[in-house]
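J.: The structure's right below; bear with me while I get my questions together.
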Amino acid sequence: MDNYIILKPLSKENFDKRLVELETQVRDYLDAEGREGRALQWCKIFLSDAQNQYTQFIESELYQDILSVEASTIVEQAPADGSKIALLIKTSTEPAPYIFQSMRLTEGETRGTNSYLQTMMLFEKYARWLKEQHLRLDTHCVRTWIYVNDIDNNYAGAVKARNDIFRQHGLTIDTHFIASTGIGGASQIQSAQVAIDFLTYPRIEESDKTYLKALDHLNPTHEYGVAFERGTKLSLADKTVFYISGTASIDRHGHVIYLRDIGRQTKRLLENIGALLKDGGATMQDIRYFIVYLRDTSDYEQVEAFMQQNYPDIPHVIVRAKVCRPEWLVEMECIAQQ
């Protein structure tokens with residue numbers, strides 16, 4: 001059995017004190033999970049200011065003694081409630097059937113480059129690793145997260161690079177793409193325009209995957225020049241997992257709908273997520289967590305109230321992260337499991 005939880009400090013003190021509080025929360029939670037036979041498997045760390053917080057965080061006892069033991073990723077996407085840091089933690093009774101990799105470029109690698117070249121470098125680094133493991137991008141990569149700094153200006157280069165890489169590896173509109181979130185975010189490297197996380201399942205076959213479409217609600221992504229699946233259903237021996245890509249307020253013609261209306265955009269994107277899950281035989285009740293991306297944190301209270309009212313039992317975290325089209329005020333991704 002897998003469990004997910006969002007943990008955040010309640011303190012409004014400095015970052016150091018918030019880390020101490022969060023460490024106590026994490027230790028208490030993992031102790032309780034251990035008594036149920038579950039152990040830490042993966043963690044996503046959201047920071048409000050990676051330039052000032054990253055070193056402090058990775059040198060903390062929270063990271064050194066606990067979180068660094070298993071796979072993790074660190075991204076600057078500020079928690080919208082002002083908590084400075086938030087954790088999405090996964091625990092499980094079983095060893096991870098996947099390999100999670102958080103790939104970042106160094107200062108030297110980013111020098112003199114742009115978002116296209118940085119995306120190419122990251123995908124090529126991952127492709128080399130796949131080859132060494134006798135794995136394939138089209139079969140074994142199930143999910144990516146592409147974080148683009150200054151997304152309004154740098155997203156086009158990242159999209160073009162991904163399209164080019166996928167063509168090289170035989171991923172086309174006639175085969176399939178990969179579930180993904182392309183979203184605003186930054187790493188600790190000031191000159192990095194792009195960072196990517198990859199999720200690899202070494203033991204799966206293509207027949208284990210079903211690509212979710214919901215064409216009565218959403219159009220195929222290739223119609224507006226991007227290469228990702230809206231969702232992937234992965235059938236494993238002991239469970240079925242649904243990876244829902246970043247989803248926004250869009251109709252079946254690919255148009256952004258409910259411009260400048262955060263409330264209606266939120267409702268529509270969740271309707272779209274429900275349609276994708278239905279396409280794979282799941283429901284909203286199967287969702288294990290949401291990550292909510294806001295363009296403008298002044299919309300936080302309205303979206304938080306909506307989530308609390310409609311999905312009070314599903315963990316969620318709301319962060320500031322611009323979506324790839326300026327007209328989209330909010331985007332969400334999630335995992336569901338049966």
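Naming works like this for the structure tokens: A, B, ... for the chains as they're shown, residue 1 at the start of each chain, ligands 1 onward in shown order.
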Tell me, as a ChimeraX atom specification, which residues lie within 10 Å of region 261-276 of chain A, counting only C-alpha atoms; anything in the same chain fewer than 2 positions away does not count.
T.: /A:211-218,230-233,242,244-252,256-259,278-285,287,292,294,296,299-300,302-303,306-307,327-334
J.: Using only C-alpha atoms, tabulate the residues of region 105-179 of chain A lying at most 8 Å from any atom of region 311-325 of chain A, each with its closest atom pair and that distance in Å to one decimal, by chain and increasing residue number, as CSV.
T.:
residue,atom,partner,partner_atom,distance
A:Ile151,CA,A:Cys324,CA,6.3
A:Asp152,CA,A:Cys324,CA,6.6
A:Tyr155,CA,A:Cys324,CA,6.7
J.: So that I can see what lies close to Ala127 (chain A), please list as a VMD selection string the residues with an atom at most 12 Å from it, counting only C-alpha atoms and leaving out residues fewer than 5 positions away in the same chain.
T.: chain A and resid 103 120 to 122 132 to 138 140 to 141 165 to 166 168 to 169 198 200
J.: Write to file, as a CSV table (one decimal), in the first residue's frame, the residues of the selection just made, with N, CA and C atoms.
T.:
chain,number,residue,atom,x,y,z
A,103,MET,N,17.2,15.5,-12.6
A,103,MET,CA,18.4,15.9,-13.3
A,103,MET,C,18.5,17.5,-13.4
A,120,MET,N,17.8,19.9,-24.4
A,120,MET,CA,18.4,18.8,-25.2
A,120,MET,C,19.5,18.1,-24.3
A,121,MET,N,20.3,18.9,-23.6
A,121,MET,CA,21.3,18.3,-22.8
A,121,MET,C,20.8,17.4,-21.7
A,122,LEU,N,19.7,17.8,-21.1
A,122,LEU,CA,19.1,17.0,-20.0
A,122,LEU,C,18.5,15.7,-20.6
A,132,GLU,N,22.7,2.7,-21.2
A,132,GLU,CA,23.6,2.0,-20.3
A,132,GLU,C,22.8,0.9,-19.6
A,133,GLN,N,21.5,1.2,-19.3
A,133,GLN,CA,20.7,0.2,-18.5
A,133,GLN,C,19.9,-0.7,-19.5
A,134,HIS,N,20.1,-0.6,-20.8
A,134,HIS,CA,19.4,-1.4,-21.8
A,134,HIS,C,17.9,-1.1,-21.7
A,135,LEU,N,17.6,0.1,-21.5
A,135,LEU,CA,16.2,0.6,-21.5
A,135,LEU,C,15.9,1.5,-22.7
A,136,ARG,N,14.6,1.8,-22.9
A,136,ARG,CA,14.2,2.6,-24.0
A,136,ARG,C,13.4,3.8,-23.5
A,137,LEU,N,13.6,5.0,-24.1
A,137,LEU,CA,12.8,6.1,-23.8
A,137,LEU,C,11.3,5.9,-24.1
A,138,ASP,N,11.0,5.3,-25.2
A,138,ASP,CA,9.6,5.2,-25.6
A,138,ASP,C,8.8,4.1,-24.7
A,140,HIS,N,10.1,2.7,-21.4
A,140,HIS,CA,10.3,2.7,-19.9
A,140,HIS,C,10.2,4.0,-19.2
A,141,CYS,N,10.2,5.1,-19.9
A,141,CYS,CA,10.0,6.4,-19.3
A,141,CYS,C,8.5,6.6,-19.3
A,165,ILE,N,13.9,15.6,-29.6
A,165,ILE,CA,14.4,14.4,-29.0
A,165,ILE,C,13.4,13.2,-29.2
A,166,PHE,N,12.1,13.5,-29.1
A,166,PHE,CA,11.1,12.4,-29.3
A,166,PHE,C,11.2,11.9,-30.7
A,168,GLN,N,13.7,11.7,-32.6
A,168,GLN,CA,14.9,10.9,-32.7
A,168,GLN,C,14.7,9.5,-32.1
A,169,HIS,N,13.8,9.4,-31.1
A,169,HIS,CA,13.6,8.1,-30.4
A,169,HIS,C,12.3,7.4,-30.8
A,198,PHE,N,12.7,12.7,-14.1
A,198,PHE,CA,12.3,11.6,-15.0
A,198,PHE,C,11.8,10.4,-14.1
A,200,THR,N,11.2,6.3,-14.4
A,200,THR,CA,11.4,5.2,-15.2
A,200,THR,C,11.0,3.9,-14.5
J.: Write down as a list of chain:residue names the residues of region 82-151 of chain A whose backbone DSSP state falls under alpha helix (DSSP H).
T.: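 Here are the alpha helix (DSSP H) residues of region 82-151 of chain A: A:Glu107, A:Gly108, A:Glu109, A:Thr110, A:Ser115, A:Tyr116, A:Leu117, A:Gln118, A:Thr119, A:Met120, A:Met121, A:Leu122, A:Phe123, A:Glu124, A:Lys125, A:Tyr126, A:Ala127, A:Arg128, A:Trp129, A:Leu130, A:Lys131, A:Glu132, A:Leu137, A:Asp138, A:Thr139, A:His140, A:Ile151.
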J.: Could the residues in this selection be written to a file with C-alpha atoms, as a tab-separated table (two decimals), in the first residue's frame?
T.:
chain	number	residue	atom	x	y	z
A	107	GLU	CA	26.68	26.36	-13.75
A	108	GLY	CA	29.35	25.40	-16.29
A	109	GLU	CA	26.93	23.40	-18.43
A	110	THR	CA	24.43	26.26	-18.62
A	115	SER	CA	16.28	26.73	-23.00
A	116	TYR	CA	16.43	24.65	-26.17
A	117	LEU	CA	20.03	23.56	-25.61
A	118	GLN	CA	19.53	22.96	-21.89
A	119	THR	CA	16.48	20.75	-22.54
A	120	MET	CA	18.43	18.82	-25.16
A	121	MET	CA	21.35	18.32	-22.76
A	122	LEU	CA	19.11	16.99	-20.01
A	123	PHE	CA	17.22	14.60	-22.29
A	124	GLU	CA	20.47	13.42	-23.86
A	125	LYS	CA	21.97	12.78	-20.42
A	126	TYR	CA	18.91	10.74	-19.53
A	127	ALA	CA	18.97	8.89	-22.87
A	128	ARG	CA	22.62	7.90	-22.28
A	129	TRP	CA	21.68	6.48	-18.89
A	130	LEU	CA	18.79	4.56	-20.44
A	131	LYS	CA	21.12	3.05	-23.03
A	132	GLU	CA	23.56	1.96	-20.33
A	137	LEU	CA	12.78	6.14	-23.79
A	138	ASP	CA	9.56	5.15	-25.56
A	139	THR	CA	8.88	2.11	-23.36
A	140	HIS	CA	10.35	2.68	-19.92
A	151	ILE	CA	8.38	30.14	-18.66
J.: Report, in Å to a single decimal, how far apart CA of Val69 (chain A) and CA of Leu19 (chain A) are.
T.: 17.3 Å
J.: Would you compute the distance between CA of Thr175 (chain A) and CA of Ala156 (chain A)? Give it in Å to one decimal.
T.: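 About the pair CA of Thr175 (chain A) and CA of Ala156 (chain A): they are 23.0 Å apart.
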J.: Run DSSP on the backbone and grab whatever in region 131-329 of chain A lands in strand (DSSP E); send it over as a compact mmCIF listing (two decimals) with N, CA and C atoms, in the first residue's frame.
T.:
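So result.txt came out as:
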# COMPACT_ATOMS: atom_id res chain seq x y z
N CYS A 141 10.23 5.13 -19.93
CA CYS A 141 9.98 6.42 -19.30
C CYS A 141 8.47 6.65 -19.26
N VAL A 142 7.92 6.78 -18.05
CA VAL A 142 6.47 6.88 -17.88
C VAL A 142 6.03 8.32 -17.61
N ARG A 143 6.91 9.12 -17.03
CA ARG A 143 6.48 10.47 -16.60
C ARG A 143 7.68 11.39 -16.56
N THR A 144 7.49 12.64 -16.98
CA THR A 144 8.51 13.67 -16.81
C THR A 144 7.88 14.91 -16.21
N TRP A 145 8.72 15.70 -15.54
CA TRP A 145 8.35 17.03 -15.06
C TRP A 145 9.41 17.98 -15.59
N ILE A 146 9.01 18.94 -16.40
CA ILE A 146 9.95 19.89 -16.99
C ILE A 146 9.70 21.25 -16.35
N TYR A 147 10.68 21.74 -15.60
CA TYR A 147 10.58 23.02 -14.90
C TYR A 147 11.30 24.07 -15.72
N VAL A 148 10.59 25.12 -16.08
CA VAL A 148 11.14 26.15 -16.96
C VAL A 148 11.15 27.49 -16.23
N ALA A 179 3.53 11.08 -20.50
CA ALA A 179 2.84 11.99 -19.57
C ALA A 179 3.84 12.98 -18.99
N SER A 180 3.41 14.23 -18.85
CA SER A 180 4.37 15.25 -18.43
C SER A 180 3.67 16.48 -17.86
N THR A 181 4.39 17.20 -17.04
CA THR A 181 4.02 18.55 -16.64
C THR A 181 5.14 19.47 -17.07
N GLY A 182 4.82 20.47 -17.89
CA GLY A 182 5.76 21.53 -18.24
C GLY A 182 5.29 22.79 -17.54
N ILE A 183 6.05 23.29 -16.60
CA ILE A 183 5.54 24.30 -15.68
C ILE A 183 6.66 25.24 -15.25
N GLY A 184 6.29 26.41 -14.80
CA GLY A 184 7.28 27.33 -14.26
C GLY A 184 7.94 26.77 -13.01
N VAL A 194 16.20 25.44 -17.46
CA VAL A 194 15.40 24.22 -17.49
C VAL A 194 15.97 23.21 -16.50
N ALA A 195 15.08 22.47 -15.84
CA ALA A 195 15.44 21.32 -15.01
C ALA A 195 14.38 20.25 -15.28
N ILE A 196 14.74 18.97 -15.18
CA ILE A 196 13.79 17.91 -15.52
C ILE A 196 13.89 16.77 -14.51
N ASP A 197 12.74 16.24 -14.13
CA ASP A 197 12.65 15.00 -13.37
C ASP A 197 12.10 13.90 -14.28
N PHE A 198 12.66 12.70 -14.15
CA PHE A 198 12.27 11.55 -14.98
C PHE A 198 11.83 10.39 -14.09
N LEU A 199 10.76 9.71 -14.49
CA LEU A 199 10.28 8.52 -13.79
C LEU A 199 10.36 7.34 -14.74
N THR A 200 11.15 6.34 -14.36
CA THR A 200 11.44 5.18 -15.21
C THR A 200 10.98 3.90 -14.54
N LYS A 209 0.84 -0.14 -20.59
CA LYS A 209 0.44 1.26 -20.57
C LYS A 209 -0.80 1.50 -21.43
N THR A 210 -1.66 2.38 -20.95
CA THR A 210 -2.81 2.86 -21.72
C THR A 210 -2.78 4.38 -21.68
N TYR A 211 -2.91 5.02 -22.83
CA TYR A 211 -2.82 6.47 -22.89
C TYR A 211 -4.23 7.06 -22.86
N GLY A 231 -2.44 11.78 -20.04
CA GLY A 231 -2.41 10.89 -18.89
C GLY A 231 -2.00 9.50 -19.33
N THR A 232 -1.40 8.76 -18.40
CA THR A 232 -0.99 7.38 -18.68
C THR A 232 -1.49 6.48 -17.55
N LYS A 233 -2.16 5.41 -17.95
CA LYS A 233 -2.58 4.36 -17.01
C LYS A 233 -1.55 3.25 -17.08
N LEU A 234 -0.99 2.90 -15.94
CA LEU A 234 0.06 1.90 -15.88
C LEU A 234 -0.46 0.71 -15.07
N SER A 235 -0.58 -0.43 -15.73
CA SER A 235 -1.10 -1.64 -15.09
C SER A 235 0.06 -2.49 -14.60
N THR A 240 -2.90 -0.54 -10.15
CA THR A 240 -2.97 0.27 -11.36
C THR A 240 -2.76 1.72 -10.95
N VAL A 241 -1.84 2.39 -11.63
CA VAL A 241 -1.49 3.78 -11.29
C VAL A 241 -1.82 4.67 -12.49
N PHE A 242 -2.43 5.80 -12.21
CA PHE A 242 -2.80 6.77 -13.25
C PHE A 242 -1.96 8.02 -13.05
N TYR A 243 -1.12 8.33 -14.02
CA TYR A 243 -0.31 9.53 -13.98
C TYR A 243 -0.99 10.59 -14.85
N ILE A 244 -1.58 11.58 -14.21
CA ILE A 244 -2.29 12.63 -14.93
C ILE A 244 -1.36 13.83 -15.10
N SER A 245 -1.14 14.21 -16.34
CA SER A 245 -0.25 15.32 -16.64
C SER A 245 -0.84 16.64 -16.16
N GLY A 246 -0.03 17.68 -16.20
CA GLY A 246 -0.54 19.00 -15.88
C GLY A 246 -1.74 19.32 -16.75
N THR A 247 -2.86 19.67 -16.13
CA THR A 247 -4.13 19.83 -16.82
C THR A 247 -4.71 21.20 -16.47
N ILE A 287 -7.99 9.44 -6.62
CA ILE A 287 -6.84 10.35 -6.60
C ILE A 287 -6.17 10.31 -5.23
N ARG A 288 -4.84 10.27 -5.24
CA ARG A 288 -4.06 10.18 -4.00
C ARG A 288 -3.49 11.52 -3.58
N TYR A 289 -3.25 12.44 -4.52
CA TYR A 289 -2.83 13.80 -4.18
C TYR A 289 -2.98 14.69 -5.40
N PHE A 290 -3.05 15.99 -5.15
CA PHE A 290 -3.02 17.03 -6.18
C PHE A 290 -1.81 17.93 -5.95
N ILE A 291 -1.17 18.36 -7.03
CA ILE A 291 -0.30 19.53 -6.99
C ILE A 291 -1.01 20.62 -7.80
N VAL A 292 -1.21 21.77 -7.17
CA VAL A 292 -1.94 22.88 -7.78
C VAL A 292 -0.96 24.01 -8.08
N TYR A 293 -0.93 24.44 -9.33
CA TYR A 293 -0.02 25.50 -9.76
C TYR A 293 -0.81 26.77 -10.03
N LEU A 294 -0.44 27.86 -9.37
CA LEU A 294 -1.10 29.14 -9.56
C LEU A 294 -0.16 30.13 -10.23
N HIS A 316 -3.29 17.99 -0.87
CA HIS A 316 -2.94 18.87 -1.98
C HIS A 316 -1.97 19.93 -1.48
N VAL A 317 -1.18 20.42 -2.41
CA VAL A 317 -0.30 21.54 -2.12
C VAL A 317 -0.50 22.55 -3.25
N ILE A 318 -0.58 23.83 -2.88
CA ILE A 318 -0.74 24.90 -3.86
C ILE A 318 0.54 25.71 -3.89
N VAL A 319 1.12 25.85 -5.08
CA VAL A 319 2.39 26.55 -5.22
C VAL A 319 2.27 27.61 -6.31
N ARG A 320 3.17 28.59 -6.23
CA ARG A 320 3.23 29.59 -7.29
C ARG A 320 4.12 29.05 -8.40
J.: Hey, which of A:Gln337, A:Asp81, A:Lys239, A:Glu223 ends up closest to Leu277 (chain A)? Count only C-alpha atoms.
T.: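 Looking only at the distances to Leu277 (chain A), the closest residue turns out to be A:Gln337.
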J.: Using only C-alpha atoms, find the one residue out of A:Ser187, A:Thr113, A:Gln308, A:Asn52 that sits nearest to Gly157 (chain A).
T.: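 The closest residue to Gly157 (chain A) is A:Thr113.
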J.: Excluding region 30-44 of chain A and its own-chain neighbours fewer than 4 positions away, which residues fall within 9 Å of it when counting only C-alpha atoms? Please give them as a short mmCIF file (atom, residue, chain, number, x, y, z; two decimals) with C-alpha atoms, in the first residue's frame.
T.:
data_model
loop_
_atom_site.label_atom_id
_atom_site.label_comp_id
_atom_site.auth_asym_id
_atom_site.auth_seq_id
_atom_site.Cartn_x
_atom_site.Cartn_y
_atom_site.Cartn_z
CA MET A 1 0.00 0.00 0.00
CA ASP A 2 1.18 3.51 -0.87
CA ASN A 3 0.48 6.63 1.19
CA GLN A 25 6.83 16.50 11.74
CA VAL A 26 8.61 14.21 9.29
CA ILE A 66 16.03 11.49 6.52
CA LEU A 67 15.10 12.66 3.04
CA VAL A 69 18.18 8.34 1.97
CA GLU A 70 15.59 7.89 -0.81
CA ALA A 71 14.84 9.55 -4.14
CA SER A 72 13.88 13.22 -3.98
CA THR A 73 13.62 16.36 -6.04
CA ILE A 74 14.00 20.00 -5.05
CA VAL A 75 12.32 22.75 -7.04
CA ALA A 86 6.46 22.14 1.65
CA LEU A 87 7.04 18.41 1.28
CA LEU A 88 5.09 15.85 -0.72
CA ILE A 89 6.06 12.51 0.80
CA LYS A 90 5.31 9.03 -0.48
CA THR A 91 5.59 5.99 1.77
CA SER A 92 5.01 2.37 0.79
CA THR A 93 5.06 -1.17 2.07
CA GLU A 94 6.91 -2.31 -1.05
CA PRO A 95 10.23 -1.42 -2.71
CA ALA A 96 9.84 1.16 -5.47
CA PHE A 100 13.13 8.50 -10.01
#
J.: Mind pulling up the distance from CA of Ala186 (chain A) to CA of Gln77 (chain A)?
T.: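 Spanning CA of Gln77 (chain A) to CA of Ala186 (chain A) is a straight-line distance of 7.2 Å.
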J.: Choose the residue, out of A:Ile189, A:His176, A:Asp208, A:Thr24, that has the smallest atom-to-atom separation from Phe228 (chain A); count only C-alpha atoms.
T.: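 Closest candidate: A:His176.
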